[in-house]
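**Student:** Here you go, one structure.
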Protein chains: 2
Amino acid sequence: MGLIVQKFGGTSVADAVRIHRAARKAIDAKERGNQVVVVVSAMGDTTDDLIDLAKQVCTVGDREIAPPKREMDQLLVTGEQVTIALFAMAICAQGHQAISFTGGQIGLLTDESFSKARIQSINKQKIFKELDAGKIVIVAGFQGVTSDGDYTTLGRGGSNATLVAVGAVLKADVCENYTDVDGIYTADPRIVKNARKIEKISYDEMLELSGLGASVLQTRAVEFAKKYNVPLHVRNSQNDNEGTWIVAETQNMEHIVVSGAALKKDLTRVTVKAVPDRPGIAARIFHSIAAANISVDDIIQNVMDDNTANISFTVEHGDLHDIKPIVEKLVKEFGGTTAAIYQGELAKVSVVGVGMRVHTGVAERMFDALAKAKVNIQNITTSEIKISCIIDKDHGPIALQAVHDAFDLGKARA
Amino acid sequence: MGLIVQKFGGTSVADAVRIHRAARKAIDAKERGNQVVVVVSAMGDTTDDLIDLAKQVCTVGDREIAPPKREMDQLLVTGEQVTIALFAMAICAQGHQAISFTGGQIGLLTDESFSKARIQSINKQKIFKELDAGKIVIVAGFQGVTSDGDYTTLGRGGSNATLVAVGAVLKADVCENYTDVDGIYTADPRIVKNARKIEKISYDEMLELSGLGASVLQTRAVEFAKKYNVPLHVRNSQNDNEGTWIVAETQNMEHIVVSGAALKKDLTRVTVKAVPDRPGIAARIFHSIAAANISVDDIIQNVMDDNTANISFTVEHGDLHDIKPIVEKLVKEFGGTTAAIYQGELAKVSVVGVGMRVHTGVAERMFDALAKAKVNIQNITTSEIKISCIIDKDHGPIALQAVHDAFDLGKARA
């Protein structure tokens, strides 16, 4: 007996057959004596199709305008609304009771940042009333409503944000995130053949892995789960296997030096050379980039002999087009011998584990493994529970396999 | 300078090109100095596609359950929501300001009769605020919200109900109903080649014509327009021609004996013979049929010499399957010599005009025309402004042409 919040992503509700399969999961949980809330995404490619429609409408002649963000959200929230209604019907067709709610209908209030709104509150009474009446409650993910009644969307991974927020406000025993994989792996199993499903991992480790390219869970959802201490269970919607539990850190976890390894591909390093070495210069650079909503990582600053500094950082290759004009503008502004260098075809291999805090020699073991695999390290960045190396993109798969083996990640834990 | 409410049906907003064409109509009206509100339907076949999806989900094995009506409405309202967002984007892409509202967002409150809800009130302040800010306001047709926040739909022709309700509450100067025809015709132009577009017609005449098979406007929308005295202008979304004005009756209108003719095809006459002739019997019959939500028409009762009566009425042929078991049950209940006869392959030809109130000889002229065309009349029913004849289905087109010619409907009015 407990309260379970389940979430099914777009591929798990892509057609009537899959919706029924997902509905069965909810019914099973209910029949085991739980109260069940289900959060769903838009079916399959629905969101992309709606975006395409908007693009068509916003193109006049050969000029494409940006659609007004409020109207874009007004459009996109319909995707999840279709799924909740069908999901509730599927449960009823299987002989159980269900009721569906849009974000607005459960008072999921957000701020007014259309397309990337933040959740402020949820009317839990409305959900509890239906749960107590014996119904399975279906909630539209990815969406909310402002206090003025305008619809908003929660940005990338928004349905996971809904999952965790609903779980937190209802004080759920577990949030089950159903996907098309069996859980979180020690490394991407498409690259590392002996990658193993992780049984249990801490919020902090998952946060690092999410940021490093493990795409199952977005950083924001994990942050939220950590903040409200909601256990997350990532599992496969196509089977009944136990997946990966993401939970608060226990002392036990520090016995494991490294929990997982990750590879981020297609990075470009930007180096701004001979920047005047005076206070506020780095802030000036990264403020301009942040204002354009581009994420940078792996920042390194070296001071030279001539009172200038070299500042380098990596960006995803796809952002290069947007970042170049910003950097060129800064170079012009700084004048003198300042110049920018762009080095593409890079990747980043990382290992993550809370055990690093108490174990020594982790970095050494990683560098040694990469050296033996003849992978040249171009940059190193570390955090308390993470070591990352920037390497040539071509070396990515070999490097990932090498560090995975060096920390025996493929071996079952005792 | 005035306030115009426009409505575009599903075919007029079926794709990006048509949405832009419709948006242009709204912008033109705005540029002529008017405040403009636009009501839109779901794009093309969207509603049918959603109903199909629901059917798929509600079929388990070979058993199909009726989807819960609340969830069906939750599903269907998304159709119009997609259109309003795209329509607002199209107006913005053409350089004007627009904002879209769902039924719920303008507080279009209804009762809780899911799938056929009735409008109770609309928050006009919300609309006026945006109009006064210079925006074109786009409203989702066909939908509303209950006081509990559940979404409802308004039934067949619901977008026209929205058009007229919004027009009434805003005290609009005109409600423009854009369709794919040039207006209301003196007869169906697909049958009668010299049918002519009517310039102006009274609410009552339009009500009769709508009930008799002229499908452009549903009876309910016309009733509403009449009640609140909102002028309706039915016109073509593909051109700028004047269409047909539907307005309050003026004395002038009585000069015209007949405004239009209509043909209703595929009728079946049900005759219940030798019914005991005692009070309450007719009520008993029609109560049972009404309870099954079947419309009957052209009711005739003849009392026979033996203290029994023959009661006959027509139903649309498509309803025969549903009505037969009801009638058979009644026949059994009445016992004695009571029996039911079903006569299919019938049609009804009618003429409508407020001028009938003051002109005599209208019925005679109609019967004479049908006789000359060798059309046999099987039943006659009349109202103050209408004469209808039940005829063989095969004679339908000839009969319609004959009465159309008899009243000179094809000739332009002076």
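By convention in this document, the chains of the structure tokens carry letters A, B, ... by their order, each chain's residues are numbered from 1, and ligands are numbered from 1 in the order they are shown.
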Report as number ranges by chain all protein, DNA and RNA residues lying within 12 Å of Lys411 in chain A, evaluated on only C-alpha atoms, omitting residues in the same chain fewer than 3 positions from it.
**Tutor:** A: 186, 194-198, 259, 404-408, 414
**Student:** Would you mind exporting the chosen residues as a JSON list (two decimals), in the first residue's frame, restricted to N, CA and C atoms?
**Tutor:**
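File written: part.json
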```json
[["chain", "number", "residue", "atom", "x", "y", "z"],
["A", 186, "THR", "N", 26.06, 1.71, -16.62],
["A", 186, "THR", "CA", 27.40, 2.17, -16.22],
["A", 186, "THR", "C", 28.07, 2.95, -17.35],
["A", 194, "ASN", "N", 29.89, -4.38, -22.54],
["A", 194, "ASN", "CA", 29.72, -4.98, -21.21],
["A", 194, "ASN", "C", 29.17, -3.98, -20.17],
["A", 195, "ALA", "N", 28.52, -2.92, -20.67],
["A", 195, "ALA", "CA", 27.90, -1.97, -19.74],
["A", 195, "ALA", "C", 26.81, -2.70, -18.95],
["A", 196, "ARG", "N", 26.63, -2.28, -17.70],
["A", 196, "ARG", "CA", 25.76, -3.00, -16.79],
["A", 196, "ARG", "C", 24.72, -2.03, -16.25],
["A", 197, "LYS", "N", 23.51, -2.53, -16.01],
["A", 197, "LYS", "CA", 22.47, -1.70, -15.43],
["A", 197, "LYS", "C", 22.84, -1.39, -13.97],
["A", 198, "ILE", "N", 22.75, -0.13, -13.58],
["A", 198, "ILE", "CA", 23.03, 0.27, -12.20],
["A", 198, "ILE", "C", 21.77, 0.04, -11.36],
["A", 259, "SER", "N", 30.68, 5.01, -10.15],
["A", 259, "SER", "CA", 29.38, 4.40, -10.44],
["A", 259, "SER", "C", 29.12, 4.27, -11.93],
["A", 404, "HIS", "N", 35.85, 2.44, -18.51],
["A", 404, "HIS", "CA", 34.84, 1.51, -18.02],
["A", 404, "HIS", "C", 35.52, 0.23, -17.49],
["A", 405, "ASP", "N", 36.48, -0.25, -18.25],
["A", 405, "ASP", "CA", 37.21, -1.46, -17.83],
["A", 405, "ASP", "C", 38.12, -1.17, -16.63],
["A", 406, "ALA", "N", 38.76, 0.02, -16.66],
["A", 406, "ALA", "CA", 39.73, 0.34, -15.60],
["A", 406, "ALA", "C", 39.08, 0.34, -14.22],
["A", 407, "PHE", "N", 37.78, 0.69, -14.17],
["A", 407, "PHE", "CA", 37.10, 0.72, -12.87],
["A", 407, "PHE", "C", 36.17, -0.49, -12.69],
["A", 408, "ASP", "N", 36.39, -1.51, -13.52],
["A", 408, "ASP", "CA", 35.63, -2.77, -13.40],
["A", 408, "ASP", "C", 34.12, -2.54, -13.39],
["A", 414, "ALA", "N", 29.26, -7.01, -5.65],
["A", 414, "ALA", "CA", 29.04, -8.04, -4.63],
["A", 414, "ALA", "C", 27.76, -7.74, -3.85]]
```
**Student:** What are the DSSP helix (DSSP H, G or I) residues of range 180-411 of chain B, as a ChimeraX atom specification?
**Tutor:** /B:203-211,219-228,251-255,281-291,317-334,354-357,362-372,393-406
**Student:** Could the residues of chain B that have an atom at most 9 Å from chain A be listed as a Markdown table, each with its closest atom pair and the distance in Å to one decimal, counting only C-alpha atoms and ordered by chain and ascending residue number?
**Tutor:**
```
| residue | atom | partner | partner_atom | distance |
| --- | --- | --- | --- | --- |
| B:Asp15 | CA | A:Leu53 | CA | 8.7 |
| B:Ala16 | CA | A:Val57 | CA | 5.2 |
| B:Val17 | CA | A:Val57 | CA | 7.7 |
| B:Ile19 | CA | A:Val57 | CA | 7.8 |
| B:His20 | CA | A:Val57 | CA | 7.4 |
| B:Leu50 | CA | A:Val82 | CA | 8.4 |
| B:Leu53 | CA | A:Ala16 | CA | 7.4 |
| B:Ala54 | CA | A:Leu86 | CA | 6.2 |
| B:Gln56 | CA | A:Ala16 | CA | 6.3 |
| B:Val57 | CA | A:Ala16 | CA | 5.2 |
| B:Cys58 | CA | A:Ala93 | CA | 5.5 |
| B:Thr59 | CA | A:Ala93 | CA | 7.2 |
| B:Val60 | CA | A:Ala93 | CA | 6.8 |
| B:Glu64 | CA | A:Ala93 | CA | 8.0 |
| B:Ile65 | CA | A:Ala93 | CA | 6.2 |
| B:Ala66 | CA | A:Ala93 | CA | 8.4 |
| B:Pro67 | CA | A:Met89 | CA | 5.9 |
| B:Pro68 | CA | A:Met89 | CA | 6.7 |
| B:Arg70 | CA | A:Ile99 | CA | 8.6 |
| B:Glu71 | CA | A:Ala85 | CA | 5.0 |
| B:Met72 | CA | A:Ala85 | CA | 6.8 |
| B:Asp73 | CA | A:Ala85 | CA | 8.5 |
| B:Gln74 | CA | A:Ala85 | CA | 6.0 |
| B:Leu75 | CA | A:Val82 | CA | 5.2 |
| B:Leu76 | CA | A:Val82 | CA | 8.1 |
| B:Val77 | CA | A:Thr78 | CA | 8.8 |
| B:Thr78 | CA | A:Thr78 | CA | 5.3 |
| B:Gly79 | CA | A:Thr78 | CA | 8.1 |
| B:Gln81 | CA | A:Leu75 | CA | 6.7 |
| B:Val82 | CA | A:Leu75 | CA | 5.2 |
| B:Thr83 | CA | A:Leu75 | CA | 8.1 |
| B:Ile84 | CA | A:Leu75 | CA | 8.1 |
| B:Ala85 | CA | A:Glu71 | CA | 5.0 |
| B:Leu86 | CA | A:Ala54 | CA | 6.3 |
| B:Phe87 | CA | A:Val57 | CA | 8.2 |
| B:Ala88 | CA | A:Glu71 | CA | 7.0 |
| B:Met89 | CA | A:Pro67 | CA | 5.9 |
| B:Ala90 | CA | A:Val57 | CA | 5.6 |
| B:Cys92 | CA | A:Pro68 | CA | 7.8 |
| B:Ala93 | CA | A:Cys58 | CA | 5.5 |
| B:Gln94 | CA | A:Val60 | CA | 7.5 |
| B:Ile99 | CA | A:Glu71 | CA | 7.5 |
| B:Ser100 | CA | A:Glu71 | CA | 7.1 |
| B:Phe101 | CA | A:Gln74 | CA | 8.6 |
| B:Thr102 | CA | A:Gln74 | CA | 8.8 |
| B:Gly104 | CA | A:Gly149 | CA | 8.8 |
| B:Gln105 | CA | A:Gly149 | CA | 6.4 |
| B:Asp148 | CA | A:Gln105 | CA | 9.0 |
| B:Gly149 | CA | A:Gln105 | CA | 6.4 |
| B:Asp150 | CA | A:Gln105 | CA | 7.7 |
```
**Student:** Using DSSP on the backbone coordinates, identify the residues of range 124-163 of chain B assigned to strand (DSSP E or B); present them as a ChimeraX atom specification.
**Tutor:** /B:136-140,143-145,151-153
**Student:** Write out, as an mmCIF file, in the first residue's frame, the residues just selected, with all heavy atoms.
**Tutor:**
```
data_model
loop_
_atom_site.group_PDB
_atom_site.id
_atom_site.type_symbol
_atom_site.label_atom_id
_atom_site.label_comp_id
_atom_site.auth_asym_id
_atom_site.auth_seq_id
_atom_site.Cartn_x
_atom_site.Cartn_y
_atom_site.Cartn_z
ATOM 1 N N ILE B 136 -6.410 41.505 -32.574
ATOM 2 C CA ILE B 136 -7.466 40.651 -33.097
ATOM 3 C C ILE B 136 -7.555 39.464 -32.146
ATOM 4 O O ILE B 136 -6.536 38.863 -31.792
ATOM 5 C CB ILE B 136 -7.148 40.182 -34.534
ATOM 6 C CG1 ILE B 136 -7.118 41.406 -35.481
ATOM 7 C CG2 ILE B 136 -8.153 39.145 -35.002
ATOM 8 C CD1 ILE B 136 -6.650 41.088 -36.896
ATOM 9 N N VAL B 137 -8.764 39.166 -31.670
ATOM 10 C CA VAL B 137 -8.938 38.109 -30.667
ATOM 11 C C VAL B 137 -9.456 36.844 -31.343
ATOM 12 O O VAL B 137 -10.445 36.882 -32.074
ATOM 13 C CB VAL B 137 -9.919 38.557 -29.565
ATOM 14 C CG1 VAL B 137 -10.215 37.417 -28.600
ATOM 15 C CG2 VAL B 137 -9.340 39.752 -28.811
ATOM 16 N N ILE B 138 -8.752 35.725 -31.124
ATOM 17 C CA ILE B 138 -9.134 34.448 -31.732
ATOM 18 C C ILE B 138 -9.733 33.553 -30.650
ATOM 19 O O ILE B 138 -9.094 33.319 -29.619
ATOM 20 C CB ILE B 138 -7.907 33.725 -32.337
ATOM 21 C CG1 ILE B 138 -6.956 34.712 -33.020
ATOM 22 C CG2 ILE B 138 -8.349 32.619 -33.275
ATOM 23 C CD1 ILE B 138 -7.541 35.465 -34.155
ATOM 24 N N VAL B 139 -10.926 33.055 -30.882
ATOM 25 C CA VAL B 139 -11.625 32.246 -29.883
ATOM 26 C C VAL B 139 -11.893 30.843 -30.450
ATOM 27 O O VAL B 139 -12.297 30.700 -31.602
ATOM 28 C CB VAL B 139 -12.965 32.916 -29.490
ATOM 29 C CG1 VAL B 139 -13.792 32.016 -28.585
ATOM 30 C CG2 VAL B 139 -12.715 34.265 -28.823
ATOM 31 N N ALA B 140 -11.666 29.826 -29.621
ATOM 32 C CA ALA B 140 -11.942 28.453 -30.036
ATOM 33 C C ALA B 140 -13.447 28.206 -30.049
ATOM 34 O O ALA B 140 -14.119 28.411 -29.044
ATOM 35 C CB ALA B 140 -11.260 27.477 -29.081
ATOM 36 N N GLN B 143 -16.518 24.828 -27.940
ATOM 37 C CA GLN B 143 -16.085 24.365 -26.627
ATOM 38 C C GLN B 143 -16.376 25.347 -25.509
ATOM 39 O O GLN B 143 -16.509 26.535 -25.716
ATOM 40 C CB GLN B 143 -14.588 24.087 -26.638
ATOM 41 C CG GLN B 143 -13.731 25.307 -26.938
ATOM 42 C CD GLN B 143 -12.238 24.966 -26.846
ATOM 43 O OE1 GLN B 143 -11.523 25.446 -25.998
ATOM 44 N NE2 GLN B 143 -11.815 24.108 -27.747
ATOM 45 N N GLY B 144 -16.463 24.811 -24.308
ATOM 46 C CA GLY B 144 -16.624 25.628 -23.120
ATOM 47 C C GLY B 144 -16.029 24.905 -21.936
ATOM 48 O O GLY B 144 -15.270 23.954 -22.094
ATOM 49 N N VAL B 145 -16.374 25.389 -20.755
ATOM 50 C CA VAL B 145 -15.829 24.812 -19.538
ATOM 51 C C VAL B 145 -16.927 24.871 -18.473
ATOM 52 O O VAL B 145 -17.737 25.796 -18.462
ATOM 53 C CB VAL B 145 -14.559 25.599 -19.119
ATOM 54 C CG1 VAL B 145 -14.886 27.018 -18.703
ATOM 55 C CG2 VAL B 145 -13.779 24.896 -18.037
ATOM 56 N N TYR B 151 -13.721 20.459 -19.351
ATOM 57 C CA TYR B 151 -13.996 20.968 -20.696
ATOM 58 C C TYR B 151 -15.236 20.293 -21.283
ATOM 59 O O TYR B 151 -15.450 19.098 -21.085
ATOM 60 C CB TYR B 151 -12.791 20.727 -21.614
ATOM 61 C CG TYR B 151 -11.571 21.472 -21.161
ATOM 62 C CD1 TYR B 151 -10.367 20.813 -20.928
ATOM 63 C CD2 TYR B 151 -11.625 22.847 -20.939
ATOM 64 C CE1 TYR B 151 -9.252 21.507 -20.492
ATOM 65 C CE2 TYR B 151 -10.512 23.544 -20.506
ATOM 66 C CZ TYR B 151 -9.326 22.863 -20.283
ATOM 67 O OH TYR B 151 -8.222 23.553 -19.846
ATOM 68 N N THR B 152 -16.024 21.076 -21.999
ATOM 69 C CA THR B 152 -17.235 20.560 -22.627
ATOM 70 C C THR B 152 -17.235 20.928 -24.104
ATOM 71 O O THR B 152 -16.548 21.860 -24.513
ATOM 72 C CB THR B 152 -18.491 21.187 -21.987
ATOM 73 O OG1 THR B 152 -18.332 22.617 -21.972
ATOM 74 C CG2 THR B 152 -18.681 20.693 -20.563
ATOM 75 N N THR B 153 -18.000 20.172 -24.906
ATOM 76 C CA THR B 153 -18.227 20.575 -26.292
ATOM 77 C C THR B 153 -19.714 20.844 -26.486
ATOM 78 O O THR B 153 -20.546 20.369 -25.716
ATOM 79 C CB THR B 153 -17.739 19.513 -27.294
ATOM 80 O OG1 THR B 153 -18.495 18.321 -27.123
ATOM 81 C CG2 THR B 153 -16.255 19.213 -27.101
#
```
**Student:** Pick out the closest residue to Ala22 in chain B from this set: B:His255, B:Arg365, B:Arg190, B:Lys7. Count only C-alpha atoms.
**Tutor:**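 Closest residue, counting only C-alpha atoms: B:Lys7.
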**Student:** Name the residues in contact with Lys171 in chain A at a cut-off of 10 Å, using only C-alpha atoms, excluding same-chain residues fewer than 2 positions from it; report them as a VMD selection string.
**Tutor:** chain A and resid 3 to 5 164 to 169 173 to 175 228 to 230
